[in-house]
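Asks: My structure is stored as work.cif, with mmCIF, C-alpha atoms and all ligand atoms.
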```
data_coords
loop_
_atom_site.label_atom_id
_atom_site.label_comp_id
_atom_site.auth_asym_id
_atom_site.auth_seq_id
_atom_site.Cartn_x
_atom_site.Cartn_y
_atom_site.Cartn_z
CA MET A 17 0.00 0.00 0.00
CA SER A 18 1.42 3.40 -0.94
CA SER A 19 1.59 6.12 1.65
CA ASP A 20 -1.19 8.07 -0.15
CA ASP A 21 -3.39 4.94 -0.07
CA ALA A 22 -2.73 4.59 3.66
CA VAL A 23 -3.70 8.23 4.17
CA GLN A 24 -6.93 7.69 2.24
CA SER A 25 -7.76 4.67 4.38
CA THR A 26 -7.87 6.98 7.42
CA ASN A 27 -11.20 8.16 6.00
CA ASP A 28 -12.62 4.67 6.58
CA ASP A 29 -11.63 4.93 10.22
CA ALA A 30 -13.14 8.36 10.68
CA ALA A 31 -16.37 7.36 8.95
CA HIS A 32 -16.70 4.12 10.96
CA CYS A 33 -15.99 5.86 14.27
CA LYS A 34 -18.59 8.52 13.48
CA ARG A 35 -21.08 5.85 12.38
CA PHE A 36 -20.71 3.99 15.66
CA ALA A 37 -21.01 7.18 17.73
CA VAL A 38 -24.15 8.18 15.81
CA SER A 39 -25.65 4.71 16.30
CA GLN A 40 -25.16 5.15 20.06
CA GLY A 41 -26.90 8.55 20.04
CA TYR A 42 -23.94 10.92 20.54
CA TRP A 43 -25.34 13.18 17.83
CA LYS A 44 -27.84 12.86 14.98
CA ASP A 45 -26.72 12.19 11.43
CA PRO A 46 -29.31 10.52 9.22
CA TYR A 47 -26.98 10.69 6.18
CA LEU A 48 -23.87 8.86 7.33
CA GLN A 49 -25.62 5.47 7.00
CA TYR A 50 -25.58 5.93 3.20
CA PHE A 51 -21.77 6.04 3.20
CA VAL A 52 -21.08 3.50 5.94
CA LYS A 53 -23.61 0.72 6.53
CA SER A 54 -22.53 -0.25 10.01
CA SER A 55 -19.57 -0.18 12.28
CA ASP A 56 -17.89 -2.33 14.90
CA ARG A 57 -18.04 -1.19 18.49
CA LYS A 58 -15.56 1.54 19.40
CA ALA A 59 -14.27 2.47 22.84
CA PRO A 60 -16.34 5.16 24.62
CA GLU A 61 -13.40 7.58 24.70
CA ILE A 62 -13.24 7.42 20.89
CA SER A 63 -16.94 8.26 20.59
CA ARG A 64 -16.63 11.10 23.10
CA GLY A 65 -13.65 12.40 21.14
CA TYR A 66 -15.66 12.45 17.92
CA PHE A 67 -18.60 14.05 19.71
CA ALA A 68 -16.34 16.86 20.97
CA ARG A 69 -14.70 17.30 17.56
CA VAL A 70 -17.98 17.43 15.63
CA SER A 71 -19.54 19.77 18.23
CA GLY A 72 -16.53 22.12 18.28
CA VAL A 73 -16.31 22.45 14.50
CA LYS A 74 -20.05 23.11 14.27
CA LEU A 75 -19.98 25.71 17.04
CA LEU A 76 -17.37 27.77 15.20
CA LEU A 77 -18.85 27.23 11.76
CA ARG A 78 -22.36 28.20 12.85
CA GLN A 79 -21.05 31.57 14.10
CA PHE A 80 -19.26 32.14 10.80
CA ILE A 81 -22.40 31.35 8.78
CA GLN A 82 -24.52 33.59 10.99
CA LEU A 83 -22.06 36.51 10.79
CA THR A 84 -22.10 36.27 7.00
CA LYS A 85 -25.89 35.77 6.93
CA SER A 86 -25.26 32.64 4.83
CA GLY A 87 -23.63 34.76 2.11
CA CYS A 88 -20.55 32.62 2.39
CA GLN A 89 -18.70 29.62 1.03
CA ILE A 90 -17.37 26.57 2.85
CA VAL A 91 -14.45 24.54 1.56
CA ASN A 92 -13.92 21.23 3.33
CA LEU A 93 -10.32 20.06 2.76
CA GLY A 94 -9.78 16.29 2.91
CA ALA A 95 -13.53 15.96 3.50
CA GLY A 96 -13.69 12.17 3.20
CA PHE A 97 -17.26 10.95 3.74
CA ASP A 98 -18.21 13.96 5.86
CA THR A 99 -21.95 14.73 5.75
CA LEU A 100 -21.80 18.33 6.94
CA TYR A 101 -23.37 19.67 3.74
CA TRP A 102 -26.62 17.78 4.39
CA LEU A 103 -26.63 18.50 8.13
CA LEU A 104 -26.25 22.27 7.58
CA GLN A 105 -29.02 22.21 5.01
CA ASP A 106 -31.35 20.55 7.53
CA GLU A 107 -30.52 23.34 10.00
CA GLY A 108 -31.31 26.03 7.41
CA LEU A 109 -27.63 27.03 7.35
CA SER A 110 -26.72 26.30 3.73
CA PRO A 111 -23.92 28.49 2.40
CA ARG A 112 -23.87 29.81 -1.16
CA ASN A 113 -21.28 27.26 -2.10
CA PHE A 114 -20.09 24.16 -0.25
CA THR A 115 -17.11 22.46 -1.88
CA GLU A 116 -15.29 19.35 -0.76
CA ILE A 117 -11.79 18.34 -1.84
CA ASP A 118 -10.14 14.96 -1.41
CA PHE A 119 -8.03 12.46 -3.34
CA GLN A 120 -9.65 10.91 -6.41
CA GLY A 121 -9.85 7.52 -4.67
CA ILE A 122 -12.17 9.05 -2.05
CA THR A 123 -14.18 11.46 -4.20
CA SER A 124 -14.99 8.72 -6.74
CA LYS A 125 -16.49 6.56 -3.97
CA LYS A 126 -18.39 9.52 -2.51
CA CYS A 127 -19.78 10.45 -5.96
CA TYR A 128 -20.86 6.84 -6.48
CA TYR A 129 -22.68 6.66 -3.13
CA ILE A 130 -24.41 9.98 -3.77
CA LYS A 131 -25.46 8.91 -7.27
CA SER A 132 -27.00 5.73 -5.95
CA ARG A 133 -28.89 7.25 -2.98
CA LYS A 134 -32.08 9.17 -3.53
CA GLN A 135 -31.95 10.50 0.05
CA LEU A 136 -28.60 12.20 -0.65
CA LEU A 137 -29.33 13.18 -4.23
CA GLU A 138 -32.64 14.89 -3.63
CA LYS A 139 -31.01 17.40 -1.27
CA ILE A 140 -28.30 18.48 -3.68
CA ALA A 141 -30.41 18.68 -6.85
CA LYS A 142 -30.44 22.00 -8.69
CA GLU A 143 -33.84 23.62 -9.14
CA ASP A 144 -34.00 22.15 -12.64
CA GLY A 145 -32.79 18.88 -11.15
CA GLU A 146 -29.51 18.91 -13.06
CA ILE A 147 -26.33 17.59 -11.49
CA SER A 148 -23.15 17.06 -13.47
CA PHE A 149 -20.90 14.18 -12.59
CA ASN A 150 -17.80 12.56 -13.90
CA SER A 151 -16.18 9.63 -12.11
CA PHE A 152 -14.65 11.74 -9.37
CA ASP A 153 -16.09 15.29 -9.48
CA LEU A 154 -19.66 16.39 -8.86
CA HIS A 155 -21.23 19.78 -9.50
CA ALA A 156 -24.71 20.60 -8.24
CA ALA A 157 -26.45 23.87 -7.32
CA ASN A 158 -24.40 24.81 -4.27
CA TYR A 159 -22.62 21.51 -3.58
CA HIS A 160 -19.42 20.43 -5.28
CA ILE A 161 -17.00 17.58 -4.84
CA VAL A 162 -13.63 17.91 -6.56
CA ALA A 163 -10.66 15.56 -6.69
CA ALA A 164 -7.35 17.24 -5.98
CA ASP A 165 -4.14 16.72 -4.07
CA LEU A 166 -3.95 19.46 -1.44
CA ARG A 167 -0.17 19.47 -1.79
CA ASP A 168 -0.60 20.84 -5.30
CA VAL A 169 -1.76 24.44 -4.93
CA ALA A 170 -2.14 24.98 -8.70
CA GLN A 171 -4.49 21.97 -8.93
CA VAL A 172 -6.46 23.11 -5.88
CA THR A 173 -6.82 26.60 -7.43
CA ARG A 174 -8.09 25.17 -10.71
CA LYS A 175 -10.54 22.84 -9.00
CA LEU A 176 -11.92 25.55 -6.70
CA HIS A 177 -12.47 27.70 -9.77
CA GLU A 178 -14.33 24.84 -11.50
CA ALA A 179 -16.49 24.55 -8.39
CA GLY A 180 -17.43 28.22 -8.69
CA ILE A 181 -15.61 29.34 -5.54
CA ASP A 182 -15.31 33.13 -5.56
CA PRO A 183 -12.33 34.40 -3.52
CA LYS A 184 -14.15 37.69 -2.94
CA LEU A 185 -16.86 36.02 -0.82
CA PRO A 186 -16.35 35.21 2.87
CA THR A 187 -15.00 31.67 2.93
CA ALA A 188 -14.53 29.13 5.71
CA PHE A 189 -11.98 26.36 5.23
CA ILE A 190 -12.20 23.22 7.33
CA ALA A 191 -9.48 20.60 7.79
CA GLU A 192 -10.16 17.75 10.19
CA CYS A 193 -7.20 15.43 10.68
CA VAL A 194 -5.80 16.23 7.24
CA LEU A 195 -2.81 18.57 7.43
CA VAL A 196 -0.85 16.16 9.64
CA TYR A 197 -0.37 13.97 6.55
CA MET A 198 1.22 16.77 4.50
CA GLU A 199 4.77 18.11 4.56
CA THR A 200 4.73 21.32 6.60
CA SER A 201 6.10 23.29 3.61
CA LYS A 202 3.12 22.13 1.49
CA THR A 203 0.62 23.06 4.20
CA GLU A 204 2.26 26.45 4.60
CA ALA A 205 2.05 27.06 0.85
CA LEU A 206 -1.66 26.19 0.92
CA LEU A 207 -2.41 28.38 3.94
CA LYS A 208 -0.48 31.26 2.38
CA TYR A 209 -2.30 30.83 -0.91
CA PHE A 210 -5.67 31.03 0.87
CA ALA A 211 -4.56 34.07 2.90
CA ASP A 212 -3.25 35.85 -0.19
CA HIS A 213 -6.37 35.26 -2.30
CA PHE A 214 -9.26 35.09 0.18
CA HIS A 215 -9.33 38.33 2.14
CA THR A 216 -12.33 37.52 4.31
CA ALA A 217 -11.71 34.00 5.45
CA PHE A 218 -11.92 31.70 8.44
CA PHE A 219 -10.00 28.45 8.91
CA ILE A 220 -10.93 25.62 11.29
CA ASN A 221 -8.27 23.00 11.86
CA TYR A 222 -8.71 19.93 14.06
CA GLU A 223 -5.53 17.98 14.62
CA GLN A 224 -3.07 16.31 16.92
CA VAL A 225 -1.08 18.47 19.36
CA ASN A 226 1.51 18.01 22.13
CA MET A 227 3.05 15.20 20.14
CA GLU A 228 6.42 15.32 21.85
CA ASP A 229 5.53 13.55 25.08
CA ARG A 230 5.33 9.80 25.65
CA PHE A 231 1.59 9.55 24.94
CA GLY A 232 2.04 11.56 21.73
CA GLU A 233 4.82 9.26 20.59
CA VAL A 234 2.60 6.20 21.07
CA MET A 235 -0.19 7.87 19.10
CA LEU A 236 2.19 8.60 16.23
CA GLN A 237 3.62 5.10 16.36
CA ASN A 238 0.10 3.68 15.93
CA LEU A 239 -0.40 5.78 12.81
CA ARG A 240 3.06 4.94 11.42
CA ILE A 241 2.35 1.23 11.77
CA ARG A 242 -0.34 1.80 9.17
CA HIS A 243 2.28 3.28 6.79
CA CYS A 244 0.91 6.79 6.95
CA ASP A 245 3.48 9.49 6.32
CA LEU A 246 3.10 12.01 9.10
CA GLN A 247 5.08 14.81 7.62
CA GLY A 248 2.98 17.50 9.23
CA VAL A 249 3.87 16.50 12.78
CA PRO A 250 6.30 19.41 13.43
CA ALA A 251 3.29 21.76 13.41
CA CYS A 252 1.59 19.54 16.00
CA ARG A 253 4.18 20.26 18.67
CA SER A 254 2.08 22.71 20.68
CA LEU A 255 -0.87 25.08 20.55
CA ASP A 256 1.62 27.83 19.66
CA THR A 257 3.05 25.94 16.67
CA GLN A 258 -0.52 25.33 15.52
CA LYS A 259 -1.39 29.04 15.72
CA ASN A 260 1.93 30.29 14.38
CA ARG A 261 1.71 28.54 11.07
CA PHE A 262 -1.36 30.67 10.34
CA LEU A 263 0.13 33.88 11.71
CA GLN A 264 3.33 33.34 9.74
CA ASN A 265 1.45 32.69 6.51
CA GLY A 266 -0.68 35.77 6.14
CA TRP A 267 -3.57 35.20 8.58
CA GLU A 268 -4.51 38.12 10.85
CA GLY A 269 -5.31 36.23 14.03
CA ALA A 270 -5.47 32.67 15.37
CA ASP A 271 -6.48 30.83 18.50
CA ALA A 272 -6.29 27.22 19.63
CA VAL A 273 -7.50 25.06 22.51
CA THR A 274 -6.91 21.46 23.48
CA MET A 275 -9.94 19.21 23.38
CA ASN A 276 -9.91 19.15 27.19
CA THR A 277 -10.57 22.89 27.20
CA LEU A 278 -13.12 22.56 24.41
CA TYR A 279 -14.97 19.76 26.22
CA GLY A 280 -15.31 22.01 29.27
CA LEU A 281 -16.80 24.77 27.10
CA LEU A 282 -19.46 22.66 25.39
CA PRO A 283 -23.06 23.07 26.61
CA GLN A 284 -22.98 21.07 29.84
CA HIS A 285 -26.47 19.58 29.42
CA GLU A 286 -25.21 18.01 26.16
CA VAL A 287 -22.06 16.71 27.84
CA GLN A 288 -24.13 15.22 30.67
CA ARG A 289 -26.46 13.60 28.13
CA ILE A 290 -23.68 11.89 26.17
CA GLU A 291 -21.79 10.83 29.29
CA LYS A 292 -24.82 8.72 30.23
CA LEU A 293 -24.80 6.86 26.92
CA GLU A 294 -21.95 4.47 27.69
CA PHE A 295 -20.12 3.55 30.82
CA MET A 296 -16.50 4.66 30.77
CA ASP A 297 -14.09 3.93 33.59
CA GLU A 298 -10.99 5.25 31.79
CA GLN A 299 -11.48 8.92 32.69
CA GLU A 300 -7.74 9.51 32.78
CA LEU A 301 -7.27 8.03 29.32
CA LEU A 302 -9.93 10.37 27.92
CA GLN A 303 -8.16 13.36 29.44
CA GLN A 304 -4.84 12.26 27.99
CA LEU A 305 -6.41 11.76 24.59
CA PHE A 306 -8.08 15.17 24.77
CA ASP A 307 -4.74 16.77 25.68
CA HIS A 308 -3.34 15.47 22.41
CA TYR A 309 -5.91 16.90 20.02
CA CYS A 310 -6.76 20.53 19.45
CA LEU A 311 -9.06 22.83 17.58
CA CYS A 312 -7.29 25.79 16.04
CA TRP A 313 -9.00 28.60 14.15
CA ALA A 314 -7.69 31.58 12.22
CA TYR A 315 -9.20 34.53 10.39
CA LYS A 316 -8.64 37.34 7.92
CA ASP A 317 -11.38 39.91 8.04
CA HIS A 318 -11.11 42.44 5.24
CA LYS A 319 -14.89 42.99 5.22
CA LYS A 320 -14.84 43.62 8.99
CA LEU A 321 -17.55 41.10 9.73
CA GLY A 322 -16.28 40.54 13.25
CA LEU A 323 -14.62 37.18 12.58
CA LYS A 324 -12.18 37.76 15.43
CA ASN A 325 -15.11 37.48 17.85
CA ILE A 326 -15.85 33.91 16.83
CA SER A 327 -14.96 31.67 19.75
CA LEU A 328 -16.04 28.62 21.68
N1 LIG B 1 -12.10 15.25 7.28
C1 LIG B 1 -12.79 13.98 7.25
C2 LIG B 1 -13.42 13.69 8.60
O1 LIG B 1 -13.09 14.38 9.57
O2 LIG B 1 -14.25 12.79 8.68
C3 LIG B 1 -11.83 12.84 6.87
C4 LIG B 1 -10.65 12.72 7.77
S1 LIG B 1 -9.51 11.46 7.25
C5 LIG B 1 -8.66 11.20 8.76
C6 LIG B 1 -8.30 12.38 6.31
C7 LIG B 1 -8.77 12.72 4.90
O3 LIG B 1 -7.85 13.65 4.32
C8 LIG B 1 -8.82 11.50 3.98
O4 LIG B 1 -10.05 11.46 3.33
C9 LIG B 1 -7.65 11.75 3.03
O5 LIG B 1 -7.84 11.17 1.75
C10 LIG B 1 -7.61 13.28 2.99
N2 LIG B 1 -6.30 13.79 2.57
C11 LIG B 1 -5.13 13.68 3.24
N3 LIG B 1 -4.13 14.23 2.53
C12 LIG B 1 -4.68 14.74 1.40
C13 LIG B 1 -4.16 15.42 0.26
N4 LIG B 1 -2.86 15.68 0.14
N5 LIG B 1 -5.01 15.78 -0.72
C14 LIG B 1 -6.35 15.49 -0.63
N6 LIG B 1 -6.90 14.84 0.43
C15 LIG B 1 -6.07 14.46 1.43
#
```
Would you give me this structure, written as structure tokens?
Ligand code: SAM
Replies:
Amino acid sequence: MSSDDAVQSTNDDAAHCKRFAVSQGYWKDPYLQYFVKSSDRKAPEISRGYFARVSGVKLLLRQFIQLTKSGCQIVNLGAGFDTLYWLLQDEGLSPRNFTEIDFQGITSKKCYYIKSRKQLLEKIAKEDGEISFNSFDLHAANYHIVAADLRDVAQVTRKLHEAGIDPKLPTAFIAECVLVYMETSKTEALLKYFADHFHTAFFINYEQVNMEDRFGEVMLQNLRIRHCDLQGVPACRSLDTQKNRFLQNGWEGADAVTMNTLYGLLPQHEVQRIEKLEFMDEQELLQQLFDHYCLCWAYKDHKKLGLKNISL
């Protein structure tokens, strides 16, 4: 298996973990079942981790969409089988354009599943019902899937253009467990490209952090066993290294919290609800895990929408 294949297989993991968490009631996602039929049982700390990650990303994104009054675009980098497009639509929070980018091997499967599922298709259909597909790209009214390698900025630029992304509109970029697989120089080039061309923009990055202690080393070892190149790890050293790569590549401001902090900031009635779903005696393990993942966000606010006020 090549390293890029190994990286793509991490999407299976993410999708299966989310599927199991949804089946246990951590959050609602009626669309994931069309991409992943079922999943083996996962440890409760994994499900709580996904719950915190999904909740944190949504909390930030919702504020961005509301500040822009939905006159915005969302670009999901390394989107895998994420179902956010459908979930936002159900909440009445559809942006003007929602574009997903991933490797061809992933987008072709996603296009195939969408093509064969009425429940997914009917929500992306243009008013005249027209959707254009090839084997790995999809273009509908405000939903696009494009195949590109994020390490290739020229290809990403071309594909975003094909998807109708307008750099003048407020744009949120999301990357969940994606940048860690890219050389830091390639990530920096991508972040700088976005900062240089999108003047009102918000970036949400969920990723590993504090990777230099013993627990971090074990986490990395587990990923390396699966032949994943982890060339982005230097940026996962600390919350500061996470923030600095934005600040040093043209972004105006950035903030970051570990998942322990984030978990404490989530609506406590929700936390209490999910903590009753499954018994978990490994409280310390959860805390350690949460100390090794973070949510980092960054903004550029040329239109002065107040993006710096977005917080958890
Ligand atoms: N973001 C999704 C989620 O949270 O469910 C999927 C996460 S999965 C761990 C990482 C995804 O990033 C995979 O789908 C993988 O193919 C994609 N990815 C990693 N490196 C990439 C690259 N250079 N170009 C395009 N996609 C990439």
Asks: Select, from A:Asp307, A:Asp21, A:Glu268, A:Asp165, the residue with the minimum atom-to-atom distance to Phe219 (chain A), counting all atoms listed in the file.
Replies: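 For Phe219 (chain A), the nearest of the candidates is A:Glu268.
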Asks: As a list in words, please: the residues near region 310-327 of chain A (cut-off 6 Å, only C-alpha atoms, same-chain neighbours under 5 positions excluded).
Replies: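 With the cut-off at 6 Å, the set is His215, Thr216, Ala217, Phe218, Phe219, Ile220, Asn221, Tyr222, Glu223, Trp267, Glu268, Gly269, Ala270, Asp271, Ala272, Val273, Thr274 and Met275 of chain A.
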Asks: Selection from above, C-alpha atoms, as a tab-separated table (two decimals), keeping the file's coordinate frame, can you write it?
Replies:
```
chain	number	residue	atom	x	y	z
A	215	HIS	CA	-9.33	38.33	2.14
A	216	THR	CA	-12.33	37.52	4.31
A	217	ALA	CA	-11.71	34.00	5.45
A	218	PHE	CA	-11.92	31.70	8.44
A	219	PHE	CA	-10.00	28.45	8.91
A	220	ILE	CA	-10.93	25.62	11.29
A	221	ASN	CA	-8.27	23.00	11.86
A	222	TYR	CA	-8.71	19.93	14.06
A	223	GLU	CA	-5.53	17.98	14.62
A	267	TRP	CA	-3.57	35.20	8.58
A	268	GLU	CA	-4.51	38.12	10.85
A	269	GLY	CA	-5.31	36.23	14.03
A	270	ALA	CA	-5.47	32.67	15.37
A	271	ASP	CA	-6.48	30.83	18.50
A	272	ALA	CA	-6.29	27.22	19.63
A	273	VAL	CA	-7.50	25.06	22.51
A	274	THR	CA	-6.91	21.46	23.48
A	275	MET	CA	-9.94	19.21	23.38
```
Asks: Distance limit 6 Å, reference ligand LIG 1 (chain B), atoms considered: only C-alpha atoms and all ligand atoms. Which residues make the cut? Give them as a CSV table (one decimal) with C-alpha atoms, in the frame of the given file.
Replies:
```
chain,number,residue,atom,x,y,z
A,23,VAL,CA,-3.7,8.2,4.2
A,24,GLN,CA,-6.9,7.7,2.2
A,26,THR,CA,-7.9,7.0,7.4
A,27,ASN,CA,-11.2,8.2,6.0
A,30,ALA,CA,-13.1,8.4,10.7
A,31,ALA,CA,-16.4,7.4,9.0
A,94,GLY,CA,-9.8,16.3,2.9
A,95,ALA,CA,-13.5,16.0,3.5
A,96,GLY,CA,-13.7,12.2,3.2
A,98,ASP,CA,-18.2,14.0,5.9
A,118,ASP,CA,-10.1,15.0,-1.4
A,119,PHE,CA,-8.0,12.5,-3.3
A,164,ALA,CA,-7.4,17.2,-6.0
A,165,ASP,CA,-4.1,16.7,-4.1
A,166,LEU,CA,-4.0,19.5,-1.4
A,167,ARG,CA,-0.2,19.5,-1.8
A,191,ALA,CA,-9.5,20.6,7.8
A,192,GLU,CA,-10.2,17.8,10.2
A,193,CYS,CA,-7.2,15.4,10.7
A,194,VAL,CA,-5.8,16.2,7.2
A,197,TYR,CA,-0.4,14.0,6.6
```
Asks: With all atoms listed in the file as the atoms that count, which of A:Leu246, A:Ile117, A:Met198, A:Leu239 lies nearest to Val91 (chain A)?
Replies: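 Checking each of A:Leu246, A:Ile117, A:Met198, A:Leu239 against Val91 (chain A), counting all atoms listed in the file, the winner is A:Ile117.
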Asks: Give the answer as one residue: which of A:Arg289, A:Lys134, A:Lys58, A:His155 has the shortest atom-to-atom distance to Asp29 (chain A), using only C-alpha atoms?
Replies: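 Answer, going by the shortest atom-to-atom distance: A:Lys58.
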Asks: Using all atoms listed in the file, pick whichever of A:Tyr129, A:Tyr66, A:Trp102, A:Phe80 has the shortest atom-to-atom distance to Tyr47 (chain A).
Replies: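 So, comparing all the options, the nearest one is A:Trp102.
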Asks: What separation in Å, quoted to one decimal, exists between CA of Gln89 (chain A) and CA of Arg112 (chain A)?
Replies: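 We find that CA of Gln89 (chain A) and CA of Arg112 (chain A) lie 5.6 Å from each other.
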Asks: Looking at only C-alpha atoms, which of A:Met235, A:Ile181, A:Leu305, A:Val169 is the one that sits closest to Thr203 (chain A)?
Replies: A:Val169
Asks: Ranking A:Arg78, A:Lys44, A:Lys292, A:His160 by minimum distance to Asn113 (chain A) and counting only C-alpha atoms, which one comes first?
Replies: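 Between A:Arg78, A:Lys44, A:Lys292, A:His160, the residue approaching Asn113 (chain A) most closely is A:His160.
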Asks: So what do you get for CA of Val287 (chain A) versus CA of Leu83 (chain A), distance-wise?
Replies: 26.1 Å
Asks: Which distance in Å separates CA of Arg57 (chain A) and CA of His308 (chain A), to one decimal?
Replies: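 Computing it gives 22.6 Å between the two atoms.
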Asks: For region 76-88 of chain A, which lacks atoms in the input, supply N, CA and C atoms and format the output as an mmCIF file, keeping the file's coordinate frame.
Replies:
```
data_model
loop_
_atom_site.group_PDB
_atom_site.id
_atom_site.type_symbol
_atom_site.label_atom_id
_atom_site.label_comp_id
_atom_site.auth_asym_id
_atom_site.auth_seq_id
_atom_site.Cartn_x
_atom_site.Cartn_y
_atom_site.Cartn_z
ATOM 1 N N LEU A 76 -18.096 26.683 15.873
ATOM 2 C CA LEU A 76 -17.370 27.770 15.200
ATOM 3 C C LEU A 76 -18.018 28.090 13.851
ATOM 4 N N LEU A 77 -18.321 27.033 13.113
ATOM 5 C CA LEU A 77 -18.850 27.230 11.760
ATOM 6 C C LEU A 77 -20.204 27.943 11.775
ATOM 7 N N ARG A 78 -21.039 27.575 12.739
ATOM 8 C CA ARG A 78 -22.360 28.200 12.850
ATOM 9 C C ARG A 78 -22.224 29.709 13.043
ATOM 10 N N GLN A 79 -21.253 30.123 13.879
ATOM 11 C CA GLN A 79 -21.050 31.570 14.100
ATOM 12 C C GLN A 79 -20.605 32.253 12.809
ATOM 13 N N PHE A 80 -19.731 31.563 12.069
ATOM 14 C CA PHE A 80 -19.260 32.140 10.800
ATOM 15 C C PHE A 80 -20.436 32.309 9.834
ATOM 16 N N ILE A 81 -21.268 31.288 9.725
ATOM 17 C CA ILE A 81 -22.400 31.350 8.780
ATOM 18 C C ILE A 81 -23.368 32.456 9.209
ATOM 19 N N GLN A 82 -23.583 32.561 10.514
ATOM 20 C CA GLN A 82 -24.520 33.590 10.990
ATOM 21 C C GLN A 82 -23.960 35.001 10.768
ATOM 22 N N LEU A 83 -22.662 35.186 11.020
ATOM 23 C CA LEU A 83 -22.060 36.510 10.790
ATOM 24 C C LEU A 83 -22.134 36.936 9.322
ATOM 25 N N THR A 84 -22.063 35.944 8.438
ATOM 26 C CA THR A 84 -22.100 36.270 7.000
ATOM 27 C C THR A 84 -23.531 36.191 6.456
ATOM 28 N N LYS A 85 -24.474 35.926 7.317
ATOM 29 C CA LYS A 85 -25.890 35.770 6.930
ATOM 30 C C LYS A 85 -26.026 34.781 5.765
ATOM 31 N N SER A 86 -25.288 33.725 5.840
ATOM 32 C CA SER A 86 -25.260 32.640 4.830
ATOM 33 C C SER A 86 -24.697 33.084 3.475
ATOM 34 N N GLY A 87 -24.225 34.324 3.376
ATOM 35 C CA GLY A 87 -23.630 34.760 2.110
ATOM 36 C C GLY A 87 -22.176 34.354 2.041
ATOM 37 N N CYS A 88 -21.937 33.081 2.247
ATOM 38 C CA CYS A 88 -20.550 32.620 2.390
ATOM 39 C C CYS A 88 -20.335 31.316 1.631
#
```
